[in-house]
Amino acid sequence: MGKFFDLDSPVMRFLNRLADLLILNILMIICCIPVITAGAAFTAMHYVILKMVRGEEGYLIKGFFKSFARNFKQATLIWLMMLLVIAVYVGDSLIFSYSGITFPKPLVIAVVAVGAILFMISVYVFPLLARFDNTIRNTIKNAALLAFANLPKTLLMALFYVLPFIIGYFSTYSYIFIFMFGISLPAYGAAWLYSNIFKKFEPEPEQASDMDFTVNVEWGEEESNGKSE
């Protein structure tokens with residue numbers, strides 16, 4: 001029984017990880033309430049979660065707000081662009097549903113397909129911003145390249161993020177679980193997938209200040225500038 005409650009036992013490590021994800025989920029909800037700060041919050045969450053996955057975590061709350069402050073400007077600009085795209089798609093959805101006009105199926109399929117592609121790209125944007133120093137343009141470009149270069153993992157990551165909405169749609173009893181883990185747990189699962197992808201672009205620590213994060217599509221050779229920790 002003593003070993004069961006030992007801090008290094010699998011059970012206690014599992015419970016500690018759940019507690020960390022719960023705290024992180026609550027932090028996310030609080031920091032997303034102003035809406036405009038959501039981009040910085042997502043970036044900070046991925047900063048902390050990537051460290052969790054790699055066993056490098058330190059002070060969770062301190063690390064979260066460190067990344068939140070450091071990436072606030074870029075993350076907010078990217079988030080505002082995402083909000084604009086979301087607003088356009090919400091408007092399109094309302095038009096398709098309530099305008100009374102019968103739109104050609106190819107047009108509807110094209111709109112849905114573009115939305116799906118943009119969503120797949122978006123799952124890499126904030127993790128990249130949390131891990132690598134880069135311009136907004138290059139961050140989005142690299143997110144697009146990684147999304148298609150790692151398509152099976154990208155689809156699984158997208159499923160992780162969509163799953164809480166699906167569960168919530170079919171079961172109102174799941175809302176408490178979604179409140180507790182609906183943001184951080186999918187991100188944690190996604191981090192297990194993109195962690196190894198990112199390692200391909202992470203230089204040795206002493207080289208980090210001399211390199212830029214770029215992806216050579218033609219030759220598949222990558223270089224990166226990891227953010228200092």
# chains A, B, ... in the order shown; residues from 1 in each chain; ligands from 1

call {"tool": "closest_atom_pairs", "arguments": {"of": "range 52-118 of chain A", "to": "range 137-140 of chain A", "cutoff": "12 Å", "atoms": "only C-alpha atoms", "output": "Markdown table"}}
result
| residue | atom | partner | partner_atom | distance |
| --- | --- | --- | --- | --- |
| A:Gln74 | CA | A:Thr139 | CA | 9.9 |
| A:Ala75 | CA | A:Thr139 | CA | 10.5 |
| A:Leu77 | CA | A:Arg137 | CA | 11.0 |
| A:Ile78 | CA | A:Ile140 | CA | 8.7 |
| A:Trp79 | CA | A:Ile140 | CA | 11.5 |
| A:Met81 | CA | A:Ile140 | CA | 11.0 |
| A:Met82 | CA | A:Ile140 | CA | 11.1 |
| A:Leu118 | CA | A:Ile140 | CA | 10.3 |

call {"tool": "write_last_selection", "arguments": {"atoms": "N, CA and C atoms", "output": "short mmCIF file (atom, residue, chain, number, x, y, z; two decimals), in the first residue's frame"}}
result
data_model
loop_
_atom_site.label_atom_id
_atom_site.label_comp_id
_atom_site.auth_asym_id
_atom_site.auth_seq_id
_atom_site.Cartn_x
_atom_site.Cartn_y
_atom_site.Cartn_z
N GLN A 74 2.53 38.45 -31.13
CA GLN A 74 2.38 37.61 -32.32
C GLN A 74 1.14 36.72 -32.22
N ALA A 75 0.94 36.12 -31.05
CA ALA A 75 -0.20 35.23 -30.87
C ALA A 75 -1.52 35.96 -31.05
N LEU A 77 -2.06 38.73 -32.87
CA LEU A 77 -2.25 39.07 -34.28
C LEU A 77 -2.72 37.86 -35.08
N ILE A 78 -2.11 36.70 -34.82
CA ILE A 78 -2.53 35.47 -35.50
C ILE A 78 -3.96 35.11 -35.11
N TRP A 79 -4.29 35.25 -33.84
CA TRP A 79 -5.63 34.92 -33.37
C TRP A 79 -6.68 35.84 -34.00
N MET A 81 -6.50 37.18 -36.93
CA MET A 81 -6.68 36.70 -38.30
C MET A 81 -7.58 35.45 -38.31
N MET A 82 -7.37 34.58 -37.33
CA MET A 82 -8.21 33.39 -37.23
C MET A 82 -9.66 33.75 -36.96
N LEU A 118 -7.80 24.72 -43.51
CA LEU A 118 -7.37 25.79 -42.61
C LEU A 118 -7.33 25.31 -41.16
#

call {"tool": "residues_around", "arguments": {"residues": "Leu185 in chain A", "least_positions_apart": "2", "cutoff": "10 Å", "atoms": "only C-alpha atoms", "output": "MDAnalysis selection string"}}
result
chainID A and resid 18 21:22 24:25 49 160:161 164 178 180:183 187:191

call {"tool": "write_last_selection", "arguments": {"atoms": "N, CA, C and O atoms", "output": "PDB file, in the first residue's frame"}}
result
ATOM      1  N   LEU A  18      -3.000  14.483 -14.223  1.00  0.00           N
ATOM      2  CA  LEU A  18      -4.390  14.929 -14.319  1.00  0.00           C
ATOM      3  C   LEU A  18      -4.579  16.269 -13.612  1.00  0.00           C
ATOM      4  O   LEU A  18      -5.294  17.152 -14.110  1.00  0.00           O
ATOM      5  N   LEU A  21      -3.164  19.004 -15.764  1.00  0.00           N
ATOM      6  CA  LEU A  21      -4.042  19.297 -16.909  1.00  0.00           C
ATOM      7  C   LEU A  21      -5.302  20.032 -16.466  1.00  0.00           C
ATOM      8  O   LEU A  21      -5.814  20.890 -17.190  1.00  0.00           O
ATOM      9  N   LEU A  22      -5.798  19.705 -15.278  1.00  0.00           N
ATOM     10  CA  LEU A  22      -6.963  20.417 -14.742  1.00  0.00           C
ATOM     11  C   LEU A  22      -6.633  21.882 -14.493  1.00  0.00           C
ATOM     12  O   LEU A  22      -7.389  22.781 -14.889  1.00  0.00           O
ATOM     13  N   LEU A  24      -4.266  23.606 -15.856  1.00  0.00           N
ATOM     14  CA  LEU A  24      -4.006  24.235 -17.148  1.00  0.00           C
ATOM     15  C   LEU A  24      -5.311  24.536 -17.881  1.00  0.00           C
ATOM     16  O   LEU A  24      -5.447  25.584 -18.521  1.00  0.00           O
ATOM     17  N   ASN A  25      -6.275  23.640 -17.772  1.00  0.00           N
ATOM     18  CA  ASN A  25      -7.563  23.859 -18.427  1.00  0.00           C
ATOM     19  C   ASN A  25      -8.292  25.063 -17.824  1.00  0.00           C
ATOM     20  O   ASN A  25      -8.879  25.883 -18.544  1.00  0.00           O
ATOM     21  N   ILE A  49       2.599  22.305 -22.132  1.00  0.00           N
ATOM     22  CA  ILE A  49       2.276  20.911 -22.420  1.00  0.00           C
ATOM     23  C   ILE A  49       3.422  20.199 -23.134  1.00  0.00           C
ATOM     24  O   ILE A  49       3.692  19.015 -22.874  1.00  0.00           O
ATOM     25  N   PHE A 160      -8.553  15.014 -32.110  1.00  0.00           N
ATOM     26  CA  PHE A 160      -8.450  15.269 -30.670  1.00  0.00           C
ATOM     27  C   PHE A 160      -9.188  16.556 -30.294  1.00  0.00           C
ATOM     28  O   PHE A 160      -9.921  16.600 -29.301  1.00  0.00           O
ATOM     29  N   TYR A 161      -8.973  17.605 -31.090  1.00  0.00           N
ATOM     30  CA  TYR A 161      -9.573  18.902 -30.762  1.00  0.00           C
ATOM     31  C   TYR A 161     -11.078  18.936 -31.006  1.00  0.00           C
ATOM     32  O   TYR A 161     -11.813  19.665 -30.326  1.00  0.00           O
ATOM     33  N   PRO A 164     -14.091  16.767 -28.067  1.00  0.00           N
ATOM     34  CA  PRO A 164     -14.916  17.309 -26.978  1.00  0.00           C
ATOM     35  C   PRO A 164     -16.225  17.916 -27.470  1.00  0.00           C
ATOM     36  O   PRO A 164     -17.254  17.804 -26.786  1.00  0.00           O
ATOM     37  N   ILE A 178     -15.660  18.215 -19.812  1.00  0.00           N
ATOM     38  CA  ILE A 178     -15.122  19.161 -20.793  1.00  0.00           C
ATOM     39  C   ILE A 178     -14.601  20.410 -20.099  1.00  0.00           C
ATOM     40  O   ILE A 178     -13.560  20.960 -20.471  1.00  0.00           O
ATOM     41  N   MET A 180     -13.349  20.511 -17.190  1.00  0.00           N
ATOM     42  CA  MET A 180     -12.134  20.166 -16.460  1.00  0.00           C
ATOM     43  C   MET A 180     -10.949  19.867 -17.386  1.00  0.00           C
ATOM     44  O   MET A 180      -9.820  20.241 -17.088  1.00  0.00           O
ATOM     45  N   PHE A 181     -11.231  19.201 -18.529  1.00  0.00           N
ATOM     46  CA  PHE A 181     -10.130  18.740 -19.372  1.00  0.00           C
ATOM     47  C   PHE A 181     -10.353  18.952 -20.875  1.00  0.00           C
ATOM     48  O   PHE A 181      -9.543  18.483 -21.675  1.00  0.00           O
ATOM     49  N   GLY A 182     -11.407  19.655 -21.246  1.00  0.00           N
ATOM     50  CA  GLY A 182     -11.791  19.733 -22.656  1.00  0.00           C
ATOM     51  C   GLY A 182     -10.835  20.468 -23.574  1.00  0.00           C
ATOM     52  O   GLY A 182     -10.875  20.292 -24.794  1.00  0.00           O
ATOM     53  N   ILE A 183      -9.954  21.288 -23.006  1.00  0.00           N
ATOM     54  CA  ILE A 183      -8.966  22.010 -23.817  1.00  0.00           C
ATOM     55  C   ILE A 183      -7.586  21.405 -23.641  1.00  0.00           C
ATOM     56  O   ILE A 183      -6.885  21.109 -24.612  1.00  0.00           O
ATOM     57  N   ALA A 187      -4.999  18.883 -26.272  1.00  0.00           N
ATOM     58  CA  ALA A 187      -3.692  19.478 -26.575  1.00  0.00           C
ATOM     59  C   ALA A 187      -2.563  18.577 -26.095  1.00  0.00           C
ATOM     60  O   ALA A 187      -1.516  18.475 -26.745  1.00  0.00           O
ATOM     61  N   TYR A 188      -2.773  17.914 -24.981  1.00  0.00           N
ATOM     62  CA  TYR A 188      -1.767  16.983 -24.451  1.00  0.00           C
ATOM     63  C   TYR A 188      -1.581  15.803 -25.408  1.00  0.00           C
ATOM     64  O   TYR A 188      -0.457  15.388 -25.705  1.00  0.00           O
ATOM     65  N   GLY A 189      -2.707  15.273 -25.908  1.00  0.00           N
ATOM     66  CA  GLY A 189      -2.618  14.191 -26.878  1.00  0.00           C
ATOM     67  C   GLY A 189      -1.931  14.635 -28.153  1.00  0.00           C
ATOM     68  O   GLY A 189      -1.097  13.906 -28.714  1.00  0.00           O
ATOM     69  N   ALA A 190      -2.259  15.846 -28.616  1.00  0.00           N
ATOM     70  CA  ALA A 190      -1.631  16.374 -29.830  1.00  0.00           C
ATOM     71  C   ALA A 190      -0.131  16.563 -29.637  1.00  0.00           C
ATOM     72  O   ALA A 190       0.661  16.323 -30.552  1.00  0.00           O
ATOM     73  N   ALA A 191       0.267  16.991 -28.446  1.00  0.00           N
ATOM     74  CA  ALA A 191       1.689  17.242 -28.182  1.00  0.00           C
ATOM     75  C   ALA A 191       2.520  15.974 -28.287  1.00  0.00           C
ATOM     76  O   ALA A 191       3.685  16.020 -28.692  1.00  0.00           O
TER      77      ALA A 191
END

call {"tool": "residues_around", "arguments": {"residues": "Pro127 in chain A", "least_positions_apart": "4", "cutoff": "8 Å", "atoms": "only C-alpha atoms", "output": "list in words"}}
result
Thr43, His46, Tyr47, Val123 and Arg131 of chain A

call {"tool": "atom_distance", "arguments": {"atom1": "CA of Leu107 in chain A", "atom2": "CA of Leu159 in chain A"}}
result
24.5 Å

call {"tool": "select_by_dssp", "arguments": {"residues": "chain A", "states": "helix (DSSP H, G or I)", "output": "ChimeraX atom specification"}}
result
/A:10-32,38-53,60-70,72-98,105-131,136-149,151-170,172-181,184-199,205-210
